[in-house]
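Source file: input16.cif (mmCIF, C-alpha atoms and all ligand atoms)
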```
data_input
loop_
_atom_site.label_atom_id
_atom_site.label_comp_id
_atom_site.auth_asym_id
_atom_site.auth_seq_id
_atom_site.Cartn_x
_atom_site.Cartn_y
_atom_site.Cartn_z
CA MET W 1 0.00 0.00 0.00
CA ARG W 2 1.16 3.52 -0.76
CA PRO W 3 1.18 5.75 2.34
CA THR W 4 -1.15 8.41 0.96
CA GLY W 5 -3.43 8.36 4.01
CA LYS W 6 -5.05 6.03 6.50
CA LEU W 7 -6.42 2.82 5.01
CA HIS W 8 -10.12 2.42 4.25
CA LEU W 9 -12.58 -0.45 4.07
CA GLY W 10 -11.93 -0.86 0.33
CA ASN W 11 -8.23 -1.43 0.97
CA TYR W 12 -9.18 -3.89 3.69
CA MET W 13 -11.61 -5.98 1.63
CA GLY W 14 -9.54 -5.74 -1.56
CA ALA W 15 -6.17 -6.58 -0.07
CA LEU W 16 -5.33 -6.36 3.63
CA HIS W 17 -7.92 -8.86 4.79
CA ASN W 18 -6.58 -11.44 2.32
CA TRP W 19 -3.02 -10.88 3.51
CA VAL W 20 -4.03 -11.54 7.09
CA ASN W 21 -5.34 -14.95 6.03
CA LEU W 22 -2.32 -15.79 3.87
CA GLN W 23 0.26 -15.31 6.60
CA ASN W 24 -0.70 -18.61 8.23
CA ASP W 25 0.13 -20.64 5.11
CA TYR W 26 2.96 -18.69 3.50
CA GLU W 27 6.17 -16.92 4.39
CA CYS W 28 5.03 -13.37 3.64
CA TYR W 29 6.66 -9.98 3.16
CA PHE W 30 4.45 -6.88 3.49
CA PHE W 31 5.78 -3.37 3.21
CA VAL W 32 4.56 0.21 3.12
CA ALA W 33 5.46 1.61 -0.29
CA ASP W 34 6.77 5.04 0.65
CA LEU W 35 8.97 5.34 -2.46
CA HIS W 36 5.91 4.81 -4.62
CA ALA W 37 4.16 7.66 -2.78
CA LEU W 38 7.09 9.85 -3.81
CA THR W 39 6.40 9.24 -7.51
CA THR W 40 3.19 11.29 -7.20
CA ASP W 41 3.75 13.42 -4.06
CA TYR W 42 7.24 14.66 -4.95
CA ALA W 43 6.25 18.34 -4.73
CA ASP W 44 5.32 18.05 -1.07
CA PRO W 45 6.54 14.81 0.52
CA SER W 46 5.89 16.03 4.09
CA ASN W 47 2.94 13.68 4.66
CA ILE W 48 4.67 10.50 3.53
CA LEU W 49 6.46 9.77 6.82
CA PRO W 50 3.47 10.32 9.13
CA ASN W 51 1.23 8.37 6.72
CA THR W 52 3.74 5.52 6.61
CA ARG W 53 3.33 5.04 10.35
CA GLU W 54 -0.45 5.20 10.09
CA VAL W 55 -0.50 2.56 7.35
CA MET W 56 1.79 0.30 9.39
CA LEU W 57 -0.59 0.76 12.34
CA ASP W 58 -3.49 -0.16 10.05
CA TYR W 59 -1.57 -3.31 8.99
CA LEU W 60 -1.03 -4.31 12.61
CA ALA W 61 -4.60 -3.40 13.57
CA ALA W 62 -6.00 -5.54 10.76
CA GLY W 63 -4.04 -8.50 12.09
CA LEU W 64 -0.77 -8.64 10.17
CA ASP W 65 1.47 -10.25 12.74
CA PRO W 66 5.20 -9.50 12.98
CA ALA W 67 5.68 -12.95 14.49
CA LYS W 68 4.30 -14.55 11.30
CA SER W 69 5.26 -12.10 8.55
CA VAL W 70 8.00 -9.64 7.72
CA LEU W 71 6.55 -6.11 8.03
CA PHE W 72 8.69 -3.20 6.91
CA VAL W 73 8.97 0.16 5.17
CA GLN W 74 10.30 0.04 1.61
CA SER W 75 12.81 2.91 1.93
CA GLN W 76 14.42 1.32 4.99
CA VAL W 77 15.71 -1.57 2.88
CA LYS W 78 18.33 -0.10 0.56
CA GLN W 79 18.25 -3.00 -1.89
CA HIS W 80 14.96 -1.47 -3.10
CA PHE W 81 17.07 1.37 -4.52
CA GLU W 82 19.67 -0.85 -6.15
CA LEU W 83 17.73 -3.48 -8.09
CA PRO W 84 15.53 -0.93 -9.96
CA LEU W 85 18.66 0.64 -11.39
CA TYR W 86 19.85 -2.67 -12.83
CA LEU W 87 16.40 -3.69 -14.06
CA GLY W 88 15.93 -0.23 -15.54
CA MET W 89 18.91 -0.85 -17.82
CA ILE W 90 17.10 -3.71 -19.56
CA THR W 91 13.46 -2.55 -19.48
CA PRO W 92 12.31 -1.05 -22.80
CA VAL W 93 10.70 2.38 -22.38
CA GLY W 94 7.83 1.22 -24.63
CA TRP W 95 6.75 -1.33 -22.02
CA LEU W 96 6.43 1.45 -19.44
CA GLU W 97 4.61 3.86 -21.73
CA ARG W 98 1.94 1.21 -22.30
CA VAL W 99 1.10 0.85 -18.56
CA PRO W 100 -2.50 2.14 -18.14
CA SER W 101 -1.77 4.51 -15.24
CA TYR W 102 0.90 6.24 -17.34
CA LYS W 103 -1.46 6.61 -20.28
CA ASP W 104 -4.22 7.94 -17.94
CA MET W 105 -1.76 10.42 -16.49
CA GLN W 106 -0.96 11.86 -19.90
CA GLU W 107 -4.65 12.50 -20.47
CA ASN W 108 -4.99 14.29 -17.09
CA LEU W 109 -1.83 16.41 -17.12
CA ALA W 110 -3.67 19.46 -15.78
CA GLU W 111 -4.39 17.77 -12.46
CA LYS W 112 -0.82 16.98 -11.42
CA ASP W 113 2.30 16.95 -13.54
CA LEU W 114 3.50 13.38 -13.44
CA SER W 115 5.51 13.45 -16.65
CA MET W 116 8.55 12.46 -14.62
CA TYR W 117 11.18 9.77 -15.03
CA GLY W 118 10.25 8.43 -11.56
CA PHE W 119 6.58 8.02 -12.41
CA LEU W 120 7.28 6.44 -15.79
CA GLY W 121 9.64 4.04 -14.03
CA TYR W 122 7.45 3.01 -11.12
CA PRO W 123 6.66 -0.39 -12.66
CA VAL W 124 10.41 -1.13 -12.62
CA LEU W 125 10.47 -0.21 -8.93
CA MET W 126 7.45 -2.44 -8.39
CA ALA W 127 9.07 -5.34 -10.25
CA SER W 128 12.14 -4.92 -8.05
CA ASP W 129 10.00 -4.79 -4.90
CA ILE W 130 8.66 -8.20 -5.84
CA LEU W 131 11.71 -9.89 -7.34
CA LEU W 132 14.01 -8.93 -4.44
CA TYR W 133 12.34 -11.67 -2.39
CA GLN W 134 12.44 -14.32 -5.17
CA PRO W 135 8.81 -15.14 -4.35
CA LYS W 136 6.72 -17.99 -5.62
CA TYR W 137 3.51 -15.90 -5.54
CA VAL W 138 2.25 -12.35 -5.49
CA PRO W 139 -1.18 -12.12 -3.84
CA VAL W 140 -3.26 -9.61 -5.81
CA GLY W 141 -6.81 -8.98 -6.94
CA GLN W 142 -7.79 -9.02 -10.59
CA ASP W 143 -7.17 -5.26 -10.94
CA GLN W 144 -3.47 -5.70 -10.15
CA GLN W 145 -2.72 -8.72 -12.33
CA ALA W 146 -1.23 -6.66 -15.16
CA HIS W 147 1.47 -5.35 -12.83
CA VAL W 148 2.58 -8.88 -12.00
CA GLU W 149 2.60 -9.72 -15.72
CA LEU W 150 5.03 -6.85 -16.36
CA THR W 151 7.17 -8.06 -13.45
CA ARG W 152 7.31 -11.50 -15.05
CA GLU W 153 8.40 -9.99 -18.36
CA VAL W 154 11.16 -7.99 -16.68
CA ALA W 155 12.36 -11.11 -14.84
CA ARG W 156 12.31 -13.12 -18.07
CA ARG W 157 14.39 -10.48 -19.80
CA PHE W 158 16.87 -10.35 -16.94
CA ASN W 159 17.22 -14.14 -16.99
CA ASN W 160 17.81 -14.08 -20.74
CA PHE W 161 20.65 -11.60 -20.34
CA TYR W 162 22.29 -12.95 -17.17
CA LYS W 163 22.66 -16.28 -15.44
CA LEU W 164 24.60 -17.45 -12.40
CA ASN W 165 26.39 -20.78 -13.02
CA GLY W 166 23.83 -21.46 -15.74
CA GLU W 167 20.90 -20.90 -13.34
CA GLU W 168 18.20 -18.24 -13.46
CA VAL W 169 18.42 -15.76 -10.59
CA LEU W 170 14.99 -14.08 -10.72
CA PRO W 171 12.23 -16.74 -10.98
CA GLU W 172 9.00 -15.47 -12.55
CA PRO W 173 6.43 -15.20 -9.74
CA ASP W 174 2.86 -16.40 -10.23
CA VAL W 175 -0.26 -14.46 -9.36
CA LEU W 176 -2.06 -15.77 -6.30
CA LEU W 177 -5.50 -14.45 -7.17
CA THR W 178 -7.29 -13.13 -4.08
CA PRO W 179 -10.92 -12.01 -3.86
CA SER W 180 -11.32 -8.26 -4.20
CA PRO W 181 -14.97 -7.22 -4.27
CA LYS W 182 -15.13 -3.62 -5.50
CA LEU W 183 -16.44 -1.76 -2.48
CA PRO W 184 -18.51 1.39 -3.12
CA GLY W 185 -17.86 4.59 -1.19
CA THR W 186 -20.46 6.93 0.29
CA ASP W 187 -21.06 8.62 -3.09
CA GLY W 188 -21.67 5.29 -4.85
CA ARG W 189 -18.44 5.38 -6.83
CA LYS W 190 -15.59 2.96 -6.02
CA MET W 191 -14.37 3.70 -2.50
CA SER W 192 -11.12 5.58 -3.03
CA LYS W 193 -8.88 8.01 -1.25
CA SER W 194 -8.97 10.30 -4.26
CA TYR W 195 -12.79 10.59 -4.22
CA GLY W 196 -13.10 11.55 -0.53
CA ASN W 197 -15.82 8.91 -0.13
CA THR W 198 -14.08 6.51 2.23
CA ILE W 199 -14.87 4.84 5.53
CA LEU W 200 -11.56 4.48 7.34
CA LEU W 201 -10.52 1.45 9.35
CA SER W 202 -9.82 3.92 12.16
CA ASP W 203 -13.13 5.85 11.97
CA PRO W 204 -14.88 5.77 15.37
CA GLU W 205 -18.44 4.42 15.49
CA PRO W 206 -20.22 7.83 15.47
CA GLU W 207 -18.22 8.80 12.37
CA VAL W 208 -19.12 5.54 10.62
CA ARG W 209 -22.82 6.10 11.37
CA LYS W 210 -22.63 9.72 10.22
CA LYS W 211 -20.95 8.77 6.94
CA LEU W 212 -23.47 5.99 6.31
CA LYS W 213 -26.34 8.50 6.74
CA THR W 214 -24.99 10.56 3.84
CA MET W 215 -24.49 7.52 1.58
CA VAL W 216 -26.35 7.53 -1.73
CA THR W 217 -29.05 4.89 -2.32
CA ASP W 218 -31.14 3.53 -5.20
CA PRO W 219 -31.94 6.77 -7.12
CA ALA W 220 -35.34 5.36 -8.14
CA ARG W 221 -36.43 5.36 -4.50
CA VAL W 222 -37.35 9.00 -3.97
CA ARG W 223 -40.10 8.89 -1.32
CA ARG W 224 -40.22 6.66 1.74
CA THR W 225 -43.23 4.89 0.20
CA ASP W 226 -41.41 4.07 -3.08
CA PRO W 227 -40.12 0.49 -3.30
CA GLY W 228 -36.38 0.17 -4.02
CA ASP W 229 -33.90 -2.37 -5.38
CA PRO W 230 -30.93 -3.39 -3.17
CA ASP W 231 -29.14 -4.55 -6.32
CA LYS W 232 -29.12 -0.95 -7.59
CA CYS W 233 -28.11 0.54 -4.24
CA PRO W 234 -24.57 1.11 -2.90
CA VAL W 235 -25.84 0.50 0.64
CA GLY W 236 -27.21 -2.81 -0.65
CA ASP W 237 -23.71 -3.60 -1.93
CA LEU W 238 -22.30 -3.01 1.55
CA HIS W 239 -24.91 -5.34 3.02
CA LYS W 240 -23.92 -8.04 0.51
CA VAL W 241 -20.31 -7.88 1.68
CA PHE W 242 -20.73 -7.34 5.42
CA SER W 243 -24.20 -8.33 6.65
CA SER W 244 -25.48 -11.69 7.88
CA HIS W 245 -27.76 -13.79 5.72
CA ASP W 246 -30.73 -12.89 7.95
CA THR W 247 -30.12 -9.16 7.71
CA LEU W 248 -29.68 -9.44 3.95
CA GLU W 249 -33.07 -11.14 3.64
CA LYS W 250 -34.69 -8.39 5.72
CA VAL W 251 -33.03 -5.78 3.48
CA TYR W 252 -34.28 -7.36 0.24
CA ALA W 253 -37.81 -7.93 1.52
CA GLY W 254 -38.09 -4.58 3.31
CA CYS W 255 -36.63 -2.45 0.51
CA ARG W 256 -38.59 -4.07 -2.34
CA THR W 257 -41.91 -3.62 -0.49
CA ALA W 258 -41.06 -0.21 0.99
CA GLY W 259 -41.53 -1.93 4.35
CA ILE W 260 -38.33 -0.30 5.62
CA GLY W 261 -36.86 3.10 4.89
CA CYS W 262 -33.32 3.83 3.77
CA ILE W 263 -32.45 5.28 7.18
CA GLU W 264 -33.24 1.99 8.89
CA CYS W 265 -31.41 0.03 6.21
CA LYS W 266 -28.34 2.25 6.59
CA GLY W 267 -28.45 1.72 10.35
CA TRP W 268 -28.19 -2.04 9.80
CA ALA W 269 -25.27 -1.55 7.41
CA ALA W 270 -23.54 0.63 10.00
CA ASP W 271 -24.09 -2.11 12.62
CA ALA W 272 -22.33 -4.62 10.37
CA LEU W 273 -19.41 -2.27 9.69
CA VAL W 274 -18.97 -1.43 13.35
CA GLN W 275 -18.78 -5.14 14.12
CA ILE W 276 -15.93 -5.57 11.62
CA LEU W 277 -14.15 -2.41 12.75
CA ASN W 278 -14.36 -2.90 16.53
CA PRO W 279 -11.69 -5.61 16.89
CA ILE W 280 -9.47 -3.78 14.37
CA GLN W 281 -9.66 -0.59 16.42
CA GLU W 282 -9.09 -2.42 19.70
CA ARG W 283 -5.90 -3.91 18.30
CA ARG W 284 -4.80 -0.51 16.96
CA ALA W 285 -5.13 1.06 20.40
CA LYS W 286 -2.78 -1.53 21.91
CA TYR W 287 0.25 -0.47 19.83
CA SER W 288 2.38 2.35 21.22
CA ASP W 289 4.77 4.45 19.11
CA ALA W 290 7.65 2.47 20.58
CA ASP W 291 5.99 -0.83 19.56
CA VAL W 292 5.70 0.38 15.97
CA ASP W 293 9.37 1.44 16.02
CA ASP W 294 10.34 -2.04 17.20
CA VAL W 295 8.25 -3.76 14.52
CA LEU W 296 9.78 -1.58 11.80
CA LYS W 297 13.35 -2.04 12.98
CA ASP W 298 13.05 -5.80 13.23
CA GLY W 299 11.14 -6.05 9.93
CA ALA W 300 13.72 -3.95 8.06
CA ALA W 301 16.56 -6.14 9.31
CA ARG W 302 14.80 -9.36 8.25
CA ALA W 303 13.76 -7.95 4.86
CA GLU W 304 17.26 -6.63 4.23
CA ALA W 305 18.87 -9.97 5.00
CA ARG W 306 16.61 -11.71 2.47
CA ALA W 307 16.92 -8.98 -0.16
CA GLU W 308 20.71 -8.91 0.12
CA GLN W 309 20.81 -12.64 -0.59
CA THR W 310 19.08 -11.93 -3.91
CA MET W 311 21.25 -8.91 -4.66
CA ALA W 312 24.43 -10.91 -4.13
CA GLU W 313 23.21 -13.32 -6.81
CA VAL W 314 22.10 -10.48 -9.09
CA ARG W 315 25.49 -8.73 -8.89
CA ALA W 316 27.34 -11.98 -9.46
CA ALA W 317 25.14 -12.87 -12.45
CA MET W 318 25.83 -9.42 -13.93
CA LYS W 319 29.55 -9.81 -13.14
CA LEU W 320 29.51 -6.62 -11.06
P1 LIG F 1 -7.00 4.27 -3.31
O1 LIG F 1 -7.85 4.23 -4.59
O2 LIG F 1 -7.83 4.61 -2.11
O3 LIG F 1 -5.78 5.14 -3.48
P2 LIG F 1 -5.32 2.11 -3.95
O4 LIG F 1 -5.64 2.27 -5.39
O5 LIG F 1 -4.01 2.61 -3.46
O6 LIG F 1 -6.49 2.78 -3.09
O7 LIG F 1 -5.49 0.57 -3.59
C1 LIG F 1 -4.70 -0.16 -2.70
C2 LIG F 1 -5.25 -1.58 -2.63
O8 LIG F 1 -6.59 -1.57 -2.13
C3 LIG F 1 -5.33 -2.29 -3.97
O9 LIG F 1 -4.99 -3.65 -3.78
C4 LIG F 1 -6.77 -2.16 -4.40
O10 LIG F 1 -7.20 -3.25 -5.18
C5 LIG F 1 -7.50 -2.16 -3.05
N1 LIG F 1 -8.68 -1.32 -3.12
C6 LIG F 1 -8.71 0.05 -3.12
N2 LIG F 1 -9.97 0.53 -3.18
C7 LIG F 1 -10.78 -0.57 -3.21
C8 LIG F 1 -12.21 -0.74 -3.27
N3 LIG F 1 -13.04 0.30 -3.29
N4 LIG F 1 -12.70 -2.00 -3.28
C9 LIG F 1 -11.85 -3.07 -3.26
N5 LIG F 1 -10.50 -2.98 -3.19
C10 LIG F 1 -9.96 -1.75 -3.18
NA NA F 2 -5.52 4.66 -6.59
#
```
Mind turning this structure into structure tokens?
Amino acid sequence: MRPTGKLHLGNYMGALHNWVNLQNDYECYFFVADLHALTTDYADPSNILPNTREVMLDYLAAGLDPAKSVLFVQSQVKQHFELPLYLGMITPVGWLERVPSYKDMQENLAEKDLSMYGFLGYPVLMASDILLYQPKYVPVGQDQQAHVELTREVARRFNNFYKLNGEEVLPEPDVLLTPSPKLPGTDGRKMSKSYGNTILLSDPEPEVRKKLKTMVTDPARVRRTDPGDPDKCPVGDLHKVFSSHDTLEKVYAGCRTAGIGCIECKGWAADALVQILNPIQERRAKYSDADVDDVLKDGAARAEARAEQTMAEVRAAMKL
């Protein structure tokens, strides 16, 4: 995750929650991608450091466990600066220009000038972030699969150029496809930091209830007496992800017959969210600043040891 702010429920359902489950079955590395935040926030990087700590707290709160996984901050492991330089030497510029976020950026130049070498090159940084750990899998949702594909192509190219004692040094990782239901935000669009429509993992209950009250609903349901359709309602989408089977049945029956109003329905959705968020927030409150420092220090040392093993092979393969 890029440290552009505190994490929201979309980040949790689309990624974080899957990671928490994976750490029991795999040896996992999870980092906060502060260098990637720099590719877009270069003009004022002053929020990156405080946000990095908040995101790490969100990781810990959600249940990532430093006893099971390696948790660290990207910029604290210097190998993340070295491998991109080598991989950059062999990555054709055309591959990078074809990445959708770069093409989007060129169409929205007025918003923020991202016509920078660093932004163009972020997929090389991302490939390095992955390949440094010589992983078998990268756990991503469907929306991120293309990034792993590019990483595989970069690895393939590296292995074609360089080998160590006839062996490939950077195995191509496979996608481990994880469920990522697209969660709507309070305005009905995809929940996203950039739309200001998020419910944060750290939002206290009154804030969650307040945000839910402003959430858009089925536009066809204008008056309280109009029947509505939960399948055309963002609040209905939240119920489908978070509510119990019983509540979901009450929502469908009540909404379609105008037996319940949207206010009541939103209250039930808020109940379900609060139930998910409560244990996350209790865990968050248990971590002191010093605890986070300890997690980061230990995680950086473990990540660095593993990354350096790869880099030693990379340098030797390149005869550097
Ligand atoms: P944001 O749009 O808020 O900046 P990112 O694009 O940085 O979020 O996404 C970080 C991770 O969270 C990605 O794995 C992405 O798939 C997931 N994610 C973000 N928003 C949602 C959402 N609304 N529903 C499901 N997953 C999401
Ligand atoms: Na985004």
Which residues are near ligand NA 2 (chain F) - at most 8 Å, using only C-alpha atoms and all ligand atoms? Format: as a PyMOL selection string. chain W and resi 192-194
Hey, which residues sit close to ligand LIG 1 (chain F)? Say within 8 Å, counting only C-alpha atoms and all ligand atoms, and write them as a ChimeraX atom specification. /W:1-2,4,7-16,140-144,180-185,190-194,198
For range 47-107 of chain W versus range 23-31 of chain W, which residues have an atom no more than 12 Å away, and what is each residue's nearest atom pair and distance in Å rounded to one decimal, using only C-alpha atoms, chain-then-number order, as a tab-separated table?
```
residue	atom	partner	partner_atom	distance
W:Thr52	CA	W:Phe31	CA	9.7
W:Arg53	CA	W:Phe31	CA	11.3
W:Val55	CA	W:Phe31	CA	9.6
W:Met56	CA	W:Phe31	CA	8.2
W:Leu57	CA	W:Phe31	CA	11.9
W:Asp58	CA	W:Phe31	CA	12.0
W:Tyr59	CA	W:Phe30	CA	8.9
W:Leu60	CA	W:Phe30	CA	10.9
W:Gly63	CA	W:Gln23	CA	9.7
W:Leu64	CA	W:Gln23	CA	7.6
W:Asp65	CA	W:Gln23	CA	8.0
W:Pro66	CA	W:Phe30	CA	9.9
W:Ala67	CA	W:Gln23	CA	9.9
W:Lys68	CA	W:Gln23	CA	6.2
W:Ser69	CA	W:Cys28	CA	5.1
W:Val70	CA	W:Tyr29	CA	4.8
W:Leu71	CA	W:Phe30	CA	5.1
W:Phe72	CA	W:Phe31	CA	4.7
W:Val73	CA	W:Phe31	CA	5.1
W:Gln74	CA	W:Phe31	CA	5.9
W:Ser75	CA	W:Phe31	CA	9.5
W:Gln76	CA	W:Phe31	CA	10.0
W:Val77	CA	W:Phe31	CA	10.1
W:His80	CA	W:Phe31	CA	11.3
```
Write the residues of the selection above to a file with C-alpha atoms, as an mmCIF file, in the coordinates of the input.
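Ended up saving to result24.cif:
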```
data_model
loop_
_atom_site.group_PDB
_atom_site.id
_atom_site.type_symbol
_atom_site.label_atom_id
_atom_site.label_comp_id
_atom_site.auth_asym_id
_atom_site.auth_seq_id
_atom_site.Cartn_x
_atom_site.Cartn_y
_atom_site.Cartn_z
ATOM 1 C CA THR W 52 3.740 5.520 6.610
ATOM 2 C CA ARG W 53 3.330 5.040 10.350
ATOM 3 C CA VAL W 55 -0.500 2.560 7.350
ATOM 4 C CA MET W 56 1.790 0.300 9.390
ATOM 5 C CA LEU W 57 -0.590 0.760 12.340
ATOM 6 C CA ASP W 58 -3.490 -0.160 10.050
ATOM 7 C CA TYR W 59 -1.570 -3.310 8.990
ATOM 8 C CA LEU W 60 -1.030 -4.310 12.610
ATOM 9 C CA GLY W 63 -4.040 -8.500 12.090
ATOM 10 C CA LEU W 64 -0.770 -8.640 10.170
ATOM 11 C CA ASP W 65 1.470 -10.250 12.740
ATOM 12 C CA PRO W 66 5.200 -9.500 12.980
ATOM 13 C CA ALA W 67 5.680 -12.950 14.490
ATOM 14 C CA LYS W 68 4.300 -14.550 11.300
ATOM 15 C CA SER W 69 5.260 -12.100 8.550
ATOM 16 C CA VAL W 70 8.000 -9.640 7.720
ATOM 17 C CA LEU W 71 6.550 -6.110 8.030
ATOM 18 C CA PHE W 72 8.690 -3.200 6.910
ATOM 19 C CA VAL W 73 8.970 0.160 5.170
ATOM 20 C CA GLN W 74 10.300 0.040 1.610
ATOM 21 C CA SER W 75 12.810 2.910 1.930
ATOM 22 C CA GLN W 76 14.420 1.320 4.990
ATOM 23 C CA VAL W 77 15.710 -1.570 2.880
ATOM 24 C CA HIS W 80 14.960 -1.470 -3.100
#
```
Return as a tab-separated table the residues of range 107-145 of chain W lying at most 12 Å from range 298-307 of chain W, together with the closest atom-to-atom pair for each and the distance in Å to one decimal, counting all atoms listed in the file, with rows in chain order and ascending residue number.
```
residue	atom	partner	partner_atom	distance
W:Ser128	CA	W:Ala307	CA	10.1
W:Asp129	CA	W:Ala307	CA	9.4
W:Ile130	CA	W:Ala307	CA	10.1
W:Leu131	CA	W:Ala307	CA	8.9
W:Leu132	CA	W:Ala307	CA	5.2
W:Tyr133	CA	W:Ala307	CA	5.8
W:Gln134	CA	W:Ala307	CA	8.6
W:Pro135	CA	W:Arg306	CA	10.9
```
Kindly give the distance, in Å, that separates CA of Tyr162 in chain W and CA of Ala317 in chain W, rounded to a single decimal.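 Interatomic distance here is 5.5 Å.
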Record the distance separating CA of Lys163 in chain W and CA of Leu35 in chain W, expressed in Å with one decimal.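 Those two atoms sit 28.7 Å apart.
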Range 112-217 of chain W residues near range 267-272 of chain W within 9 Å, closest pair each, using only C-alpha atoms, as JSON lines:
```
{"residue": "W:Glu205", "atom": "CA", "partner": "W:Ala270", "partner_atom": "CA", "distance": 8.4}
{"residue": "W:Val208", "atom": "CA", "partner": "W:Ala270", "partner_atom": "CA", "distance": 6.6}
{"residue": "W:Arg209", "atom": "CA", "partner": "W:Ala270", "partner_atom": "CA", "distance": 5.7}
{"residue": "W:Leu212", "atom": "CA", "partner": "W:Ala270", "partner_atom": "CA", "distance": 6.5}
{"residue": "W:Lys213", "atom": "CA", "partner": "W:Gly267", "partner_atom": "CA", "distance": 8.0}
```
Shell around Arg224 in chain W at 8 Å using all atoms listed in the file, local window under 4 positions removed, as a PyMOL selection string: chain W and resi 258+261-262
Separation of CA of Tyr86 in chain W from CA of Phe161 in chain W in Å: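 The value is 11.7 Å.
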Find the residue from W:Leu273, W:Leu125, W:Val216, W:Ala61 that sits nearest to Val241 in chain W; use only C-alpha atoms when measuring. W:Leu273
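Near range 102-104 of chain W, within 12 Å and counting only C-alpha atoms, sit Thr39, Thr40, Val93, Gly94, Trp95, Leu96, Ala110, Glu111, Lys112, Asp113, Leu114, Ser115, Met116, Tyr117, Gly118, Phe119, Leu120, Gly121, Tyr122 and Pro123 of chain W; same-chain residues fewer than 6 positions away were not included.
With all atoms listed in the file as the basis for measurement, W:Ile276 is the residue among W:Ala146, W:Asp293, W:Ile276, W:Arg152 that approaches Ser243 in chain W most closely.
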Pick the closest to Arg189 in chain W from W:His245, W:Leu85, W:Val32, W:Asp237: which is it, counting only C-alpha atoms?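 Of the candidates, the smallest distance to Arg189 in chain W is held by W:Asp237.
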Extract, using all atoms listed in the file, all DNA, RNA and protein residues at most 6 Å from Asn51 in chain W, discarding same-chain residues fewer than 4 positions from it, and format them as a list in words.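 Near Asn51 in chain W, the qualifying residues are Pro3, Gly5 and Asn47 of chain W.
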Between W:Glu54, W:Asp41, W:Glu149, W:Asp187, which has the minimum distance to Pro219 in chain W (counting only C-alpha atoms)? W:Asp187
Using only C-alpha atoms, which residue out of W:Met215, W:Ile48, W:Leu177, W:Val124 lies closest to Glu82 in chain W?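 The closest residue to Glu82 in chain W is W:Val124.
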Point out the residue among W:His147, W:Asp246, W:Arg315, W:Ala62 with the least atom-to-atom distance to Ser101 in chain W, counting all atoms listed in the file.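 Result for the nearest residue to Ser101 in chain W: W:His147.
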